[in-house]
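First up is the structure itself, then whatever we jot down about it.
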Amino acid sequence: MRTCSRFFCILSIVLTLGCDLSGQISERPPCGQDLWEAKLMLSSIQRPRQNESLASQQRSQLIIPVVVHVVWRTWDENITDKLIVAQLEALNRDFNAENQDLGQVPYEFQDRIAKIGISFCLAAKTPTGQPTNGIVRVKTYVEEAGSTDSLFFDSTGGSSAWDTERYLNIWVANTGKYFSGYGTYPGLTPPNTTGVIINPKYFGLNEHSKYGLGRTLVHETGHYFGLKHVWASDPLCEADDEIEDTPKQKNPHFGCPDYPQSSCTESDMFMNFMDYVDDPCMCMFTRGQKEKIWASIETLRPALLNNTVEYYCILSTLNKGFDFTLSPNPATNSLTIRFSEQEGGLKEVQIFDLLGRLRMRISTLVNLIFKLEINDLEPGMYVIKVDGRAQIFIKA
Ligand SMILES: [Zn+2]
């Protein structure tokens, strides 16, 4: 613990200085990657070598089961299931180049845009084979648990990792004011502290103009797969991020810079997910970053390639059209669907489990409120569709 305290102290000073020198304050604090790396240096763990020459034909679509540990102290930190689902959709969107804002990538970088080909789905089974919705909630007494190692253990007020070789563990917990989150580089941490850590304030989708698109997690997950920041903090422009197709860059960019910006010889790729710009202004990974991510998985996280963990995948269309409400949610015996005042008439109600199997179908005449008996469903997460509009509910 002494090492940790010293480490955070050092980093706070560095981060504060960094802001002052650049003359810009980001409303989202930086990710804690530099801090985390400094901590590793203090504990002298060496970065393992990677074999980057493995066959790229294996790199099709990989699905990674995710467990989200919500370690909360105040009620606003106990984020909703819906927010978690929306965040995973955003992660899947950006890791598969399905984001609608790719058009803002300048012409000179357009041919470097990469679809990483990885999707993240909530785990349907725990490491011991028990059914789960992939979300663990722990009320903690630890202040700013996300900035301490107590986060990683049940016994110290946190939530213990699930087999980190087969699951991506995401801890959502208050990280304090100095950083928004971090992702552990492959092969550098003890297994039980491996994953992504993120402050609930920057998790999921919200109305915030700077960090409302779920891209803090995209950035930290990039670190989890071994990506560095696109800048190297080298005034001589000699160091870089070890990715061939990201130009050398001296310092991070903040806000939404005008294009072009140049800090070394080439134009800076500030719209890369691994810079520090606001969410609406970051939108791409490169082909070189894709190579790095897949090489990291193949050499340092190979169990993810031959995974047998069951999972739930959420379709990206689910968030559109929330014009009916469900209560209670979670529900035990019955679920009440309320439509807006203009709604009513003959409705087709379908319930799917998260593997996409139709579990109930009812065609009925409804008048604003409709009550559905769900005793026959086993506990878990479900999708309910009414006339093509979908929502998620939990059967308790
Ligand atoms: Zn970072």
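Naming scheme: A, B, ... for chains in displayed order of the structure tokens; residues 1 onward per chain; ligands 1 onward as shown.
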
Pull the closest atom pair for each residue of chain A that gets at most 8 Å from ligand 1, along with the distance in Å to one decimal, counting only C-alpha atoms and all ligand atoms, ordering rows by chain and then ascending residue number, as JSON lines.
```
{"residue": "A:Pro30", "atom": "CA", "partner": "ligand 1", "partner_atom_place_in_ligand_line": "1 (Zn)", "distance": 6.8}
{"residue": "A:Cys31", "atom": "CA", "partner": "ligand 1", "partner_atom_place_in_ligand_line": "1 (Zn)", "distance": 4.5}
{"residue": "A:Gly32", "atom": "CA", "partner": "ligand 1", "partner_atom_place_in_ligand_line": "1 (Zn)", "distance": 6.4}
{"residue": "A:Gln33", "atom": "CA", "partner": "ligand 1", "partner_atom_place_in_ligand_line": "1 (Zn)", "distance": 5.1}
{"residue": "A:Asp34", "atom": "CA", "partner": "ligand 1", "partner_atom_place_in_ligand_line": "1 (Zn)", "distance": 7.5}
{"residue": "A:Gly181", "atom": "CA", "partner": "ligand 1", "partner_atom_place_in_ligand_line": "1 (Zn)", "distance": 8.0}
{"residue": "A:Tyr182", "atom": "CA", "partner": "ligand 1", "partner_atom_place_in_ligand_line": "1 (Zn)", "distance": 6.4}
{"residue": "A:Gly183", "atom": "CA", "partner": "ligand 1", "partner_atom_place_in_ligand_line": "1 (Zn)", "distance": 7.8}
{"residue": "A:His219", "atom": "CA", "partner": "ligand 1", "partner_atom_place_in_ligand_line": "1 (Zn)", "distance": 6.2}
{"residue": "A:Glu220", "atom": "CA", "partner": "ligand 1", "partner_atom_place_in_ligand_line": "1 (Zn)", "distance": 6.0}
{"residue": "A:His223", "atom": "CA", "partner": "ligand 1", "partner_atom_place_in_ligand_line": "1 (Zn)", "distance": 6.7}
{"residue": "A:Lys228", "atom": "CA", "partner": "ligand 1", "partner_atom_place_in_ligand_line": "1 (Zn)", "distance": 7.1}
{"residue": "A:His229", "atom": "CA", "partner": "ligand 1", "partner_atom_place_in_ligand_line": "1 (Zn)", "distance": 5.9}
{"residue": "A:Met274", "atom": "CA", "partner": "ligand 1", "partner_atom_place_in_ligand_line": "1 (Zn)", "distance": 6.4}
{"residue": "A:Asp275", "atom": "CA", "partner": "ligand 1", "partner_atom_place_in_ligand_line": "1 (Zn)", "distance": 7.4}
{"residue": "A:Tyr276", "atom": "CA", "partner": "ligand 1", "partner_atom_place_in_ligand_line": "1 (Zn)", "distance": 7.5}
```

Produce a file of the selected residues containing C-alpha atoms, as a compact mmCIF listing (two decimals), in the first residue's frame.
```txt
# COMPACT_ATOMS: atom_id res chain seq x y z
CA PRO A 30 -6.64 11.89 -18.17
CA CYS A 31 -6.65 8.14 -18.08
CA GLY A 32 -4.32 6.75 -15.45
CA GLN A 33 -2.15 4.77 -17.82
CA ASP A 34 1.04 6.68 -17.18
CA GLY A 181 -9.73 5.06 -15.65
CA TYR A 182 -7.03 2.74 -16.94
CA GLY A 183 -6.56 -0.57 -18.69
CA HIS A 219 -9.68 4.19 -24.90
CA GLU A 220 -9.04 2.14 -21.74
CA HIS A 223 -4.75 -0.09 -23.33
CA LYS A 228 -0.19 3.04 -26.03
CA HIS A 229 -1.17 6.68 -26.35
CA MET A 274 -5.79 6.72 -28.10
CA ASP A 275 -5.48 10.52 -27.89
CA TYR A 276 -7.18 12.68 -25.22
```

key: Non-local contacts of Gly103 (chain A) (12 Å; only C-alpha atoms; under 2 positions in same chain excluded) as a PyMOL selection string   = chain A and resi 97-101+105-107+109-111+113+271+281-284

Would you export the selected residues with C-alpha atoms as a PDB file, in the first residue's frame, please?
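File written: result-v4.pdb
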```pdb
ATOM      1  CA  ALA A  97     -15.825   0.702 -37.179  1.00  0.00           C
ATOM      2  CA  GLU A  98     -19.610   0.981 -37.168  1.00  0.00           C
ATOM      3  CA  ASN A  99     -19.554   4.505 -35.740  1.00  0.00           C
ATOM      4  CA  GLN A 100     -21.352   7.056 -37.885  1.00  0.00           C
ATOM      5  CA  ASP A 101     -18.693   9.744 -37.346  1.00  0.00           C
ATOM      6  CA  VAL A 105     -11.381  11.320 -40.377  1.00  0.00           C
ATOM      7  CA  PRO A 106      -9.235  13.499 -42.684  1.00  0.00           C
ATOM      8  CA  TYR A 107      -8.602  12.190 -46.190  1.00  0.00           C
ATOM      9  CA  PHE A 109      -5.863   8.998 -42.740  1.00  0.00           C
ATOM     10  CA  GLN A 110      -8.976   7.445 -44.290  1.00  0.00           C
ATOM     11  CA  ASP A 111      -7.187   4.375 -45.623  1.00  0.00           C
ATOM     12  CA  ILE A 113      -9.132   3.158 -40.512  1.00  0.00           C
ATOM     13  CA  MET A 271      -8.881  11.860 -33.888  1.00  0.00           C
ATOM     14  CA  CYS A 281     -13.743  14.221 -31.862  1.00  0.00           C
ATOM     15  CA  MET A 282     -12.180  10.762 -31.483  1.00  0.00           C
ATOM     16  CA  CYS A 283     -13.401   8.128 -33.888  1.00  0.00           C
ATOM     17  CA  MET A 284     -10.794   5.688 -35.222  1.00  0.00           C
TER      18      MET A 284
END
```

Contacts of Ser263 (chain A) within 9 Å, only C-alpha atoms, excl. fewer than 3 positions in-chain, as a ChimeraX atom specification = /A:237,248-251,266-268

Members of region 22-156 of chain A assigned alpha helix (DSSP H) by DSSP, as a short mmCIF file (atom, residue, chain, number, x, y, z; two decimals) with C-alpha atoms, in the first residue's frame:
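What ended up in part08.cif:
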```
data_model
loop_
_atom_site.label_atom_id
_atom_site.label_comp_id
_atom_site.auth_asym_id
_atom_site.auth_seq_id
_atom_site.Cartn_x
_atom_site.Cartn_y
_atom_site.Cartn_z
CA SER A 22 -0.39 22.83 -21.88
CA GLN A 33 -2.15 4.77 -17.82
CA ASP A 34 1.04 6.68 -17.18
CA LEU A 35 0.45 6.41 -13.47
CA TRP A 36 -0.23 2.72 -13.74
CA GLU A 37 2.95 2.17 -15.77
CA ALA A 38 4.96 4.11 -13.21
CA LYS A 39 3.53 1.83 -10.56
CA LEU A 40 4.73 -1.19 -12.52
CA MET A 41 8.20 0.29 -12.73
CA LEU A 42 8.21 0.72 -8.99
CA ASP A 81 -28.13 -2.32 -16.23
CA LYS A 82 -29.42 -0.26 -19.13
CA LEU A 83 -26.40 2.02 -18.98
CA ILE A 84 -24.10 -0.99 -18.98
CA VAL A 85 -25.82 -2.41 -22.05
CA ALA A 86 -25.58 0.95 -23.83
CA GLN A 87 -21.86 1.19 -22.98
CA LEU A 88 -21.15 -2.26 -24.42
CA GLU A 89 -23.02 -1.30 -27.58
CA ALA A 90 -20.79 1.76 -27.87
CA LEU A 91 -17.71 -0.38 -27.36
CA ASN A 92 -18.87 -2.80 -30.05
CA ARG A 93 -19.68 0.07 -32.40
CA ASP A 94 -16.22 1.59 -32.14
CA PHE A 95 -14.25 -1.67 -32.16
CA TYR A 107 -8.60 12.19 -46.19
CA GLU A 108 -4.92 11.51 -45.46
CA PHE A 109 -5.86 9.00 -42.74
CA GLN A 110 -8.98 7.45 -44.29
#
```

request  = Report the residues of region 122-296 of chain A whose backbone DSSP state falls under strand (DSSP E or B), written as a PyMOL selection string.
outcome  = chain A and resi 122-123+125+131+135-139+168-172+181-183+196-198+205+213+272+284+286

Take the residues from that selection and put them in a file with C-alpha atoms, as a compact mmCIF listing (two decimals), in the first residue's frame.
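Ended up saving to again31.txt:
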```txt
# COMPACT_ATOMS: atom_id res chain seq x y z
CA LEU A 122 -22.08 -9.89 -21.15
CA ALA A 123 -21.14 -13.24 -19.68
CA LYS A 125 -22.11 -18.07 -16.99
CA PRO A 131 -26.17 -18.44 -14.70
CA ILE A 135 -23.01 -7.84 -13.81
CA VAL A 136 -21.73 -7.99 -10.21
CA ARG A 137 -22.76 -5.30 -7.75
CA VAL A 138 -20.86 -4.65 -4.54
CA LYS A 139 -21.61 -1.88 -2.09
CA LEU A 168 -12.70 -9.19 -19.70
CA ASN A 169 -13.19 -7.80 -16.19
CA ILE A 170 -14.42 -4.21 -16.14
CA TRP A 171 -14.54 -2.53 -12.73
CA VAL A 172 -16.75 0.57 -12.53
CA GLY A 181 -9.73 5.06 -15.65
CA TYR A 182 -7.03 2.74 -16.94
CA GLY A 183 -6.56 -0.57 -18.69
CA VAL A 196 -10.21 -2.25 -17.19
CA ILE A 197 -11.04 0.20 -14.41
CA ILE A 198 -13.29 3.18 -15.07
CA LEU A 205 -23.81 7.18 -22.68
CA LEU A 213 -20.35 8.76 -26.11
CA ASN A 272 -7.48 8.49 -32.80
CA MET A 284 -10.79 5.69 -35.22
CA THR A 286 -5.66 2.25 -37.33
```

Nearest residue to Thr189 (chain A) from the set A:Val142, A:Leu305, A:Leu300, A:Val71 (distances using only C-alpha atoms) =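 The answer is A:Leu300, which sits nearest to Thr189 (chain A).
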
key: Contacts of Gly157 (chain A) at 7 Å (only C-alpha atoms; same-chain gap of 4+ positions) as a count of residues only   = 6
